[in-house]
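As stored in query03.cif (mmCIF, C-alpha atoms):
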```
data_structure
loop_
_atom_site.label_atom_id
_atom_site.label_comp_id
_atom_site.auth_asym_id
_atom_site.auth_seq_id
_atom_site.Cartn_x
_atom_site.Cartn_y
_atom_site.Cartn_z
CA MET Y 1 13.19 7.05 -25.96
CA ALA Y 2 10.55 9.70 -26.35
CA ASP Y 3 7.69 7.74 -24.80
CA ASP Y 4 9.23 7.73 -21.33
CA VAL Y 5 9.13 11.47 -21.12
CA LEU Y 6 5.47 11.69 -22.13
CA PHE Y 7 4.24 10.59 -18.75
CA GLU Y 8 6.69 12.86 -16.94
CA PHE Y 9 5.28 15.87 -18.76
CA LEU Y 10 1.72 14.69 -18.23
CA HIS Y 11 2.40 14.26 -14.53
CA MET Y 12 3.85 17.76 -14.19
CA GLU Y 13 0.84 19.18 -15.97
CA MET Y 14 -1.52 17.12 -13.79
CA VAL Y 15 0.00 18.55 -10.62
CA SER Y 16 -0.06 22.13 -11.86
CA HIS Y 17 -3.61 21.74 -13.15
CA ILE Y 18 -4.92 20.47 -9.84
CA TYR Y 19 -3.25 23.28 -7.94
CA LYS Y 20 -4.41 25.94 -10.37
CA ASP Y 21 -7.92 24.58 -10.14
CA GLN Y 22 -7.96 24.88 -6.37
CA ALA Y 23 -6.29 28.28 -6.34
CA SER Y 24 -8.95 29.75 -8.62
CA ARG Y 25 -11.56 28.89 -6.04
CA GLY Y 26 -9.86 31.00 -3.40
CA GLU Y 27 -9.14 29.89 0.18
CA MET Y 28 -5.45 29.09 -0.12
CA GLU Y 29 -5.18 27.58 3.34
CA LYS Y 30 -6.77 24.17 3.07
CA ASP Y 31 -6.00 23.80 -0.63
CA ARG Y 32 -2.76 21.99 -0.04
CA ALA Y 33 -4.40 19.05 1.67
CA THR Y 34 -7.18 18.65 -0.93
CA CYS Y 35 -4.77 18.86 -3.87
CA VAL Y 36 -2.53 16.25 -2.37
CA SER Y 37 -5.42 13.91 -1.63
CA THR Y 38 -6.82 14.37 -5.15
CA LEU Y 39 -3.49 13.40 -6.65
CA GLU Y 40 -3.11 10.54 -4.22
CA GLY Y 41 -6.59 9.33 -5.05
CA MET Y 42 -5.80 9.33 -8.77
CA GLY Y 43 -2.66 7.34 -8.13
CA PHE Y 44 -4.63 4.89 -5.99
CA ARG Y 45 -7.09 4.01 -8.73
CA VAL Y 46 -4.35 3.67 -11.32
CA GLY Y 47 -2.31 1.49 -8.97
CA GLN Y 48 -5.23 -0.90 -8.55
CA GLY Y 49 -5.65 -1.36 -12.29
CA LEU Y 50 -1.92 -1.61 -12.96
CA ILE Y 51 -1.32 -4.30 -10.38
CA GLU Y 52 -4.12 -6.40 -11.83
CA ARG Y 53 -2.37 -6.32 -15.17
CA PHE Y 54 1.14 -6.88 -13.86
CA THR Y 55 0.27 -9.82 -11.62
CA LYS Y 56 -1.90 -11.55 -14.19
CA ASP Y 57 0.68 -14.15 -15.04
CA SER Y 58 2.75 -14.36 -11.88
CA PRO Y 59 2.18 -16.99 -9.19
CA SER Y 60 0.61 -15.98 -5.92
CA PHE Y 61 2.81 -14.27 -3.32
CA LYS Y 62 4.08 -16.13 -0.31
CA ASP Y 63 4.00 -13.30 2.21
CA ASP Y 64 4.24 -9.55 2.64
CA LEU Y 65 7.98 -9.44 2.02
CA ASP Y 66 7.43 -11.21 -1.28
CA VAL Y 67 4.85 -8.56 -2.20
CA MET Y 68 7.28 -5.75 -1.30
CA LYS Y 69 10.03 -7.33 -3.37
CA PHE Y 70 7.64 -7.47 -6.30
CA ILE Y 71 6.86 -3.79 -5.85
CA CYS Y 72 10.55 -2.92 -5.62
CA LYS Y 73 11.53 -4.85 -8.71
CA ASP Y 74 8.88 -5.66 -11.31
CA PHE Y 75 6.39 -2.96 -10.45
CA TRP Y 76 8.96 -0.18 -10.16
CA ILE Y 77 10.64 -1.25 -13.40
CA ASN Y 78 7.36 -1.28 -15.28
CA VAL Y 79 6.29 2.12 -14.02
CA PHE Y 80 9.54 4.04 -13.49
CA ARG Y 81 11.93 2.01 -15.69
CA LYS Y 82 14.29 1.21 -12.84
CA GLN Y 83 14.35 -0.80 -9.65
CA ILE Y 84 14.19 0.50 -6.13
CA ASP Y 85 17.76 0.98 -4.92
CA ASN Y 86 17.31 -0.01 -1.31
CA LEU Y 87 14.62 -1.81 0.69
CA ARG Y 88 14.73 -1.77 4.47
CA THR Y 89 12.24 -3.20 6.91
CA ASN Y 90 11.83 -3.55 10.63
CA HIS Y 91 9.92 -6.80 10.08
CA GLN Y 92 7.05 -5.32 12.01
CA GLY Y 93 5.13 -3.80 9.16
CA THR Y 94 7.27 -0.81 8.20
CA TYR Y 95 9.12 -0.79 4.90
CA VAL Y 96 11.38 1.92 3.55
CA LEU Y 97 11.89 1.97 -0.21
CA GLN Y 98 14.70 4.17 -1.35
CA ASP Y 99 15.01 5.43 -4.87
CA ASN Y 100 18.18 7.40 -5.52
CA LYS Y 101 17.01 8.87 -8.77
CA PHE Y 102 13.26 9.04 -8.69
CA ALA Y 103 11.98 9.31 -12.26
CA LEU Y 104 9.42 12.02 -11.63
CA LEU Y 105 11.88 14.28 -9.81
CA THR Y 106 14.81 14.20 -12.24
CA GLN Y 107 13.67 17.40 -13.90
CA PHE Y 108 14.15 19.38 -10.69
CA SER Y 109 17.40 21.25 -10.24
CA ASN Y 110 19.87 19.85 -7.76
CA GLY Y 111 20.01 21.36 -4.33
CA LYS Y 112 17.43 22.42 -1.82
CA GLN Y 113 15.78 25.17 -3.79
CA TYR Y 114 12.59 23.28 -4.61
CA LEU Y 115 12.53 20.95 -1.63
CA GLU Y 116 9.19 22.32 -0.44
CA GLU Y 117 7.54 21.70 -3.78
CA ALA Y 118 8.63 18.08 -3.96
CA PRO Y 119 5.73 16.55 -1.96
CA LYS Y 120 3.27 17.64 -4.65
CA TYR Y 121 5.13 15.55 -7.16
CA LEU Y 122 5.23 12.53 -4.91
CA ALA Y 123 1.54 12.36 -4.00
CA TYR Y 124 0.52 10.57 -7.17
CA SER Y 125 3.26 7.98 -6.78
CA CYS Y 126 2.35 7.37 -3.16
CA GLY Y 127 -1.20 6.73 -4.27
CA LEU Y 128 0.09 4.40 -6.98
CA VAL Y 129 1.92 2.27 -4.45
CA ARG Y 130 -0.97 2.34 -2.00
CA GLY Y 131 -3.44 1.26 -4.70
CA ALA Y 132 -1.17 -1.54 -5.84
CA LEU Y 133 -0.69 -2.82 -2.29
CA SER Y 134 -4.35 -2.53 -1.39
CA ASN Y 135 -5.32 -4.69 -4.34
CA LEU Y 136 -2.77 -7.27 -3.24
CA GLY Y 137 -4.40 -7.41 0.17
CA MET Y 138 -2.08 -5.12 2.14
CA ASP Y 139 -3.77 -2.06 3.56
CA CYS Y 140 -1.06 0.47 4.13
CA VAL Y 141 -0.19 4.05 4.70
CA VAL Y 142 2.34 5.29 2.17
CA THR Y 143 4.28 8.46 2.69
CA ALA Y 144 7.30 9.88 0.94
CA GLU Y 145 10.31 11.87 2.00
CA VAL Y 146 12.76 13.70 -0.15
CA SER Y 147 16.20 14.84 0.75
CA LEU Y 148 17.77 16.62 -2.17
CA MET Y 149 21.47 16.47 -1.74
CA PRO Y 150 23.63 19.25 -3.12
CA SER Y 151 25.69 17.91 -5.96
CA CYS Y 152 29.14 18.52 -4.64
CA GLU Y 153 30.56 15.95 -6.97
CA SER Y 154 29.65 16.26 -10.57
CA LEU Y 155 28.90 12.58 -10.97
CA LEU Y 156 26.62 12.24 -7.96
CA SER Y 157 22.92 11.78 -8.64
CA SER Y 158 21.10 14.57 -6.98
CA SER Y 159 17.81 13.40 -5.52
CA SER Y 160 17.12 10.61 -3.14
CA SER Y 161 13.51 9.82 -2.29
CA SER Y 162 12.30 7.37 0.28
CA PHE Y 163 8.89 5.83 0.25
CA ILE Y 164 7.86 4.74 3.69
CA ILE Y 165 5.18 2.12 3.96
CA TYR Y 166 3.45 1.38 7.22
CA HIS Y 167 1.61 -1.89 7.11
CA HIS Y 168 -0.27 -2.85 10.21
CA THR Y 169 -1.96 -6.18 10.70
CA THR Y 170 -5.07 -4.40 11.87
CA PRO Y 171 -6.40 -1.97 9.28
CA ASN Y 172 -5.25 1.51 10.09
CA ILE Y 173 -7.28 4.29 8.56
CA THR Y 174 -4.98 7.27 8.58
CA ASP Y 175 -5.15 10.24 6.29
CA THR Y 176 -1.86 10.27 4.43
CA THR Y 177 -2.20 13.91 3.60
CA GLU Y 178 -1.31 15.07 7.07
CA MET Y 179 2.17 13.72 6.51
CA PHE Y 180 2.96 16.31 3.89
CA MET E 1 -30.82 -15.03 -30.34
CA GLU E 2 -33.31 -17.73 -31.29
CA HIS E 3 -32.19 -20.69 -33.40
CA THR E 4 -34.60 -23.12 -35.00
CA GLN E 5 -35.13 -26.38 -33.08
CA SER E 6 -33.45 -28.69 -35.59
CA ARG E 7 -30.32 -26.59 -35.88
CA ASP E 8 -30.27 -26.30 -32.12
CA ALA E 9 -30.03 -30.02 -31.50
CA CYS E 10 -26.92 -30.72 -33.56
CA TRP E 11 -25.29 -27.48 -32.55
CA HIS E 12 -25.75 -28.35 -28.91
CA SER E 13 -24.39 -31.83 -29.19
CA ARG E 14 -21.25 -30.55 -30.85
CA HIS E 15 -20.62 -27.51 -28.70
CA HIS E 16 -22.19 -28.48 -25.41
CA SER E 17 -18.97 -30.01 -24.19
CA LYS E 18 -17.05 -26.73 -24.10
CA MET E 19 -19.59 -24.78 -22.11
CA ALA E 20 -20.26 -23.91 -18.53
CA VAL E 21 -23.65 -23.66 -16.89
CA CYS E 22 -22.67 -20.95 -14.45
CA ILE E 23 -19.84 -18.45 -14.24
CA ALA E 24 -19.23 -16.16 -11.28
CA VAL E 25 -16.71 -13.50 -10.34
CA ILE E 26 -16.38 -12.92 -6.60
CA ALA E 27 -14.67 -9.90 -5.04
CA LYS E 28 -12.02 -10.34 -2.40
CA GLU E 29 -14.58 -9.36 0.23
CA ASN E 30 -16.56 -12.40 -0.93
CA TYR E 31 -19.54 -10.77 -2.57
CA PRO E 32 -20.39 -11.42 -6.22
CA LEU E 33 -19.22 -8.94 -8.82
CA TYR E 34 -20.75 -10.90 -11.64
CA ILE E 35 -22.82 -14.04 -11.81
CA ARG E 36 -24.46 -15.61 -14.84
CA SER E 37 -26.18 -18.93 -15.08
CA VAL E 38 -28.15 -20.93 -17.59
CA PRO E 39 -31.02 -21.74 -17.44
CA VAL E 40 -32.14 -18.60 -15.71
CA GLN E 41 -34.84 -20.32 -13.64
CA ASN E 42 -32.25 -22.13 -11.53
CA GLU E 43 -30.33 -18.97 -10.74
CA LEU E 44 -30.89 -19.19 -7.00
CA LYS E 45 -29.54 -22.72 -6.87
CA PHE E 46 -26.37 -21.60 -8.67
CA HIS E 47 -25.96 -18.65 -6.34
CA TYR E 48 -26.07 -21.13 -3.47
CA THR E 49 -23.61 -23.48 -5.17
CA VAL E 50 -21.15 -20.67 -5.78
CA HIS E 51 -21.55 -19.43 -2.24
CA THR E 52 -20.76 -22.82 -0.74
CA SER E 53 -17.79 -23.22 -3.06
CA LEU E 54 -16.24 -20.12 -1.50
CA ASP E 55 -15.52 -22.09 1.67
CA VAL E 56 -13.56 -24.61 -0.36
CA VAL E 57 -11.71 -21.77 -2.08
CA GLU E 58 -10.70 -20.27 1.26
CA GLU E 59 -9.49 -23.69 2.38
CA LYS E 60 -7.40 -24.14 -0.72
CA ILE E 61 -5.90 -20.66 -0.47
CA SER E 62 -4.81 -21.14 3.11
CA ALA E 63 -3.48 -24.60 2.31
CA VAL E 64 -1.31 -23.17 -0.46
CA GLY E 65 0.12 -20.65 1.98
CA LYS E 66 1.58 -23.41 4.11
CA ALA E 67 2.63 -25.57 1.18
CA MET E 68 5.86 -25.37 -0.81
CA ALA E 69 6.61 -22.39 -2.97
CA ASP E 70 6.25 -24.19 -6.29
CA GLN E 71 2.57 -24.87 -5.69
CA ARG E 72 1.60 -21.24 -5.82
CA GLU E 73 -0.72 -21.52 -8.76
CA LEU E 74 -3.69 -19.32 -9.50
CA TYR E 75 -5.77 -22.22 -10.82
CA LEU E 76 -7.35 -24.13 -7.94
CA GLY E 77 -8.77 -27.03 -9.88
CA LEU E 78 -11.90 -28.98 -9.07
CA LEU E 79 -13.34 -27.58 -5.87
CA TYR E 80 -15.99 -30.17 -5.28
CA PRO E 81 -18.32 -32.34 -7.30
CA THR E 82 -22.03 -32.45 -6.56
CA GLU E 83 -24.26 -35.09 -8.08
CA ASP E 84 -25.25 -32.79 -10.95
CA TYR E 85 -22.36 -30.40 -11.27
CA LYS E 86 -18.62 -29.95 -11.01
CA VAL E 87 -17.30 -26.70 -9.60
CA TYR E 88 -13.89 -25.27 -10.53
CA GLY E 89 -12.10 -22.36 -8.92
CA TYR E 90 -9.37 -19.81 -9.69
CA VAL E 91 -8.06 -16.98 -7.57
CA THR E 92 -6.13 -13.95 -8.82
CA ASN E 93 -3.32 -12.19 -7.00
CA SER E 94 -5.78 -9.51 -6.03
CA LYS E 95 -7.83 -12.21 -4.30
CA VAL E 96 -10.69 -12.01 -6.78
CA LYS E 97 -12.17 -15.45 -7.31
CA PHE E 98 -13.58 -16.96 -10.46
CA VAL E 99 -15.92 -19.92 -10.21
CA ILE E 100 -17.04 -22.05 -13.14
CA VAL E 101 -19.78 -24.63 -12.78
CA VAL E 102 -20.14 -27.30 -15.44
CA ASP E 103 -22.55 -30.15 -15.90
CA SER E 104 -21.35 -33.44 -14.41
CA SER E 105 -22.30 -35.25 -17.59
CA ASN E 106 -19.63 -33.26 -19.41
CA THR E 107 -16.89 -35.83 -19.25
CA SER E 108 -15.19 -34.51 -22.36
CA LEU E 109 -14.25 -31.21 -20.75
CA ARG E 110 -10.55 -31.48 -19.97
CA ASP E 111 -8.50 -29.72 -17.34
CA ASN E 112 -6.59 -27.54 -19.77
CA GLU E 113 -9.82 -26.38 -21.37
CA ILE E 114 -11.08 -25.24 -18.00
CA ARG E 115 -7.73 -23.52 -17.45
CA SER E 116 -8.06 -21.65 -20.72
CA MET E 117 -11.59 -20.57 -19.77
CA PHE E 118 -10.20 -19.13 -16.55
CA ARG E 119 -7.40 -17.48 -18.51
CA LYS E 120 -9.95 -15.73 -20.73
CA LEU E 121 -11.95 -14.67 -17.68
CA HIS E 122 -8.82 -13.27 -16.05
CA ASN E 123 -7.83 -11.35 -19.17
CA SER E 124 -11.28 -9.82 -19.55
CA PHE E 125 -11.43 -9.02 -15.88
CA THR E 126 -8.09 -7.21 -16.11
CA ASP E 127 -9.48 -5.14 -18.96
CA VAL E 128 -12.53 -4.27 -16.86
CA MET E 129 -10.24 -3.27 -13.98
CA CYS E 130 -8.25 -0.95 -16.22
CA ASN E 131 -11.37 0.74 -17.54
CA PRO E 132 -11.36 4.21 -15.97
CA PHE E 133 -15.14 4.23 -15.84
CA TYR E 134 -15.21 1.12 -13.72
CA ASN E 135 -15.09 1.60 -9.96
CA PRO E 136 -13.39 -1.34 -8.26
CA GLY E 137 -15.95 -3.10 -6.10
CA ASP E 138 -18.90 -2.36 -8.35
CA THR E 139 -20.72 -5.10 -10.23
CA ILE E 140 -19.32 -5.71 -13.68
CA GLN E 141 -21.50 -4.26 -16.40
CA SER E 142 -19.21 -4.40 -19.40
CA LYS E 143 -20.60 -5.56 -22.74
CA ALA E 144 -17.24 -7.00 -23.74
CA PHE E 145 -17.14 -9.06 -20.58
CA ASP E 146 -20.72 -10.21 -21.14
CA SER E 147 -20.01 -11.41 -24.64
CA MET E 148 -16.86 -13.22 -23.55
CA VAL E 149 -18.87 -15.05 -20.88
CA SER E 150 -21.72 -15.80 -23.28
CA ALA E 151 -19.27 -17.50 -25.59
CA MET E 152 -18.32 -19.83 -22.76
CA MET E 153 -21.80 -20.69 -21.56
CA VAL E 154 -24.33 -23.24 -22.68
CA GLN E 155 -26.88 -21.61 -24.94
CA ALA E 156 -30.34 -21.30 -23.45
CA SER E 157 -32.61 -23.84 -25.10
#
```
Let me see the file written as structure tokens.
Amino acid sequence: MADDVLFEFLHMEMVSHIYKDQASRGEMEKDRATCVSTLEGMGFRVGQGLIERFTKDSPSFKDDLDVMKFICKDFWINVFRKQIDNLRTNHQGTYVLQDNKFALLTQFSNGKQYLEEAPKYLAYSCGLVRGALSNLGMDCVVTAEVSLMPSCESLLSSSSSSFIIYHHTTPNITDTTEMF
Amino acid sequence: MEHTQSRDACWHSRHHSKMAVCIAVIAKENYPLYIRSVPVQNELKFHYTVHTSLDVVEEKISAVGKAMADQRELYLGLLYPTEDYKVYGYVTNSKVKFVIVVDSSNTSLRDNEIRSMFRKLHNSFTDVMCNPFYNPGDTIQSKAFDSMVSAMMVQAS
């Protein structure tokens, strides 16, 4: 379906636009952090609006785990057309969402060549999740990790991304950008 | 819009039953995002009514949390009746509350009509939320939202 790919292209262009914008103003050093927080901020606002629309008809959530399951299934399907492959939690506010074939990274080549560039392409999605959760009443820190595995077998999917969500019962104001 | 007096009377008696006297949208931090009441002179009284209804809303929300799973509805029903008014509540998944106040004398207003009013409010609110020019947490200043609310409120006489 052609429409799926539209957002992927838009997203790639968004990332490159933000970085080009910063680069043209000189001072390469602190650019990385501002670009990432700009993208994250965009994702945040979109996440807030999206979650309002997606939860319009669903009953209220029982607890945090219920919210996370919603994110892993319905939300992920609506945004990335697939479910989260693995959800782990320590039951103390940390959740790890694992996506073995993250939709916005499928265009990258297999292997470790572009591993350093991957965080740029995850910032928006981290913001998306953070915005969605914040509107549902969970203030969290969302970070992402990528470990691109070399495709030693031809049938193996190449990229595995984990989204790590720290949810503390007391609001924790941490800058997510320092994680990248 | 001004109607003539004679048209007014019959129009009111036919349509009065489907209308609210006050509609409010409250943010999850419990401050009003939108509040409209008719007639405008009694605005302060309605602000107070909505404010006191928030306590009942909080009670109902926490009660649902301990109750069985199948009672997790967004519609909260009648919050409390005063001698002049009946106050209904609804809470979204994003903890935004809608409050509708209707005249007590409106016995013809049925539960499912109130539910559909809340449905319309929720749909319009979602549209406002998705508007890129709207900053979550600001007061709602959308014309579309205003006209949807006007359609649900008693006309000013």
**Message:** With only C-alpha atoms considered, list every residue of chain Y at most 9 Å from chain E, as a PyMOL selection string.
**Reply:** chain Y and resi 45-46+48-53+55-63+134-137
**Request:** Could you pull out every residue with an atom within 8 Å of (7.7, 1.4, -5.3), file coordinates, counting all atoms listed in the file, and send them as a list in words?
**Result:** Ile71, Cys72, Phe75, Trp76, Ile84, Leu97, Val129 and Phe163 of chain Y
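The nearest approach to His91 in chain Y among the residues Y:Met12, Y:Asp64, Y:Val141, Y:Leu128, with only C-alpha atoms taken into account, belongs to Y:Asp64.
Straight-line separation from CA of Gly127 in chain Y to CA of Phe108 in chain Y: 20.9 Å.
For the atom pair formed by CA of Asp103 in chain E and CA of Val38 in chain E, the distance is 10.9 Å, given to one decimal.
Interatomic distance, CA of Pro32 in chain E to CA of Val154 in chain E: 20.6 Å.
Residues matched by the PyMOL selection byres ((chain E and resi 36) around 7) in this structure: E:Cys22, E:Ile23, E:Ala24, E:Tyr34, E:Ile35, E:Ser37.
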**Message:** Counting all atoms listed in the file, find residues at most 12 Å from (-20.1, -11.4, -1.2) (file frame) and give them as an MDAnalysis selection string.
**Reply:** chainID E and resid 24:35 47:48 50:52 54:55 96:97 137:139
**Pick from Y:Asp139, Y:Gly43, Y:Gln113, Y:Leu65, whichever lies nearest to His11 in chain Y using all atoms listed in the file** = Y:Gly43
**Message:** Which residues, named as in the file, does the PyMOL selection byres ((chain E and resi 109) around 12) pick out? Answer as a PyMOL selection string.
**Reply:** chain E and resi 15-20+86+88+101-108+110-117
Please write out, as AutoDock Vina command-line options, where the centre of an axis-aligned box around all listed atoms of range 32-42 of chain E lies and how long its edges are, in Å to one decimal, after adding 5 Å on each side.
```
--center_x -27.0 --center_y -15.5 --center_z -11.9 --size_x 25.6 --size_y 23.2 --size_z 21.4
```
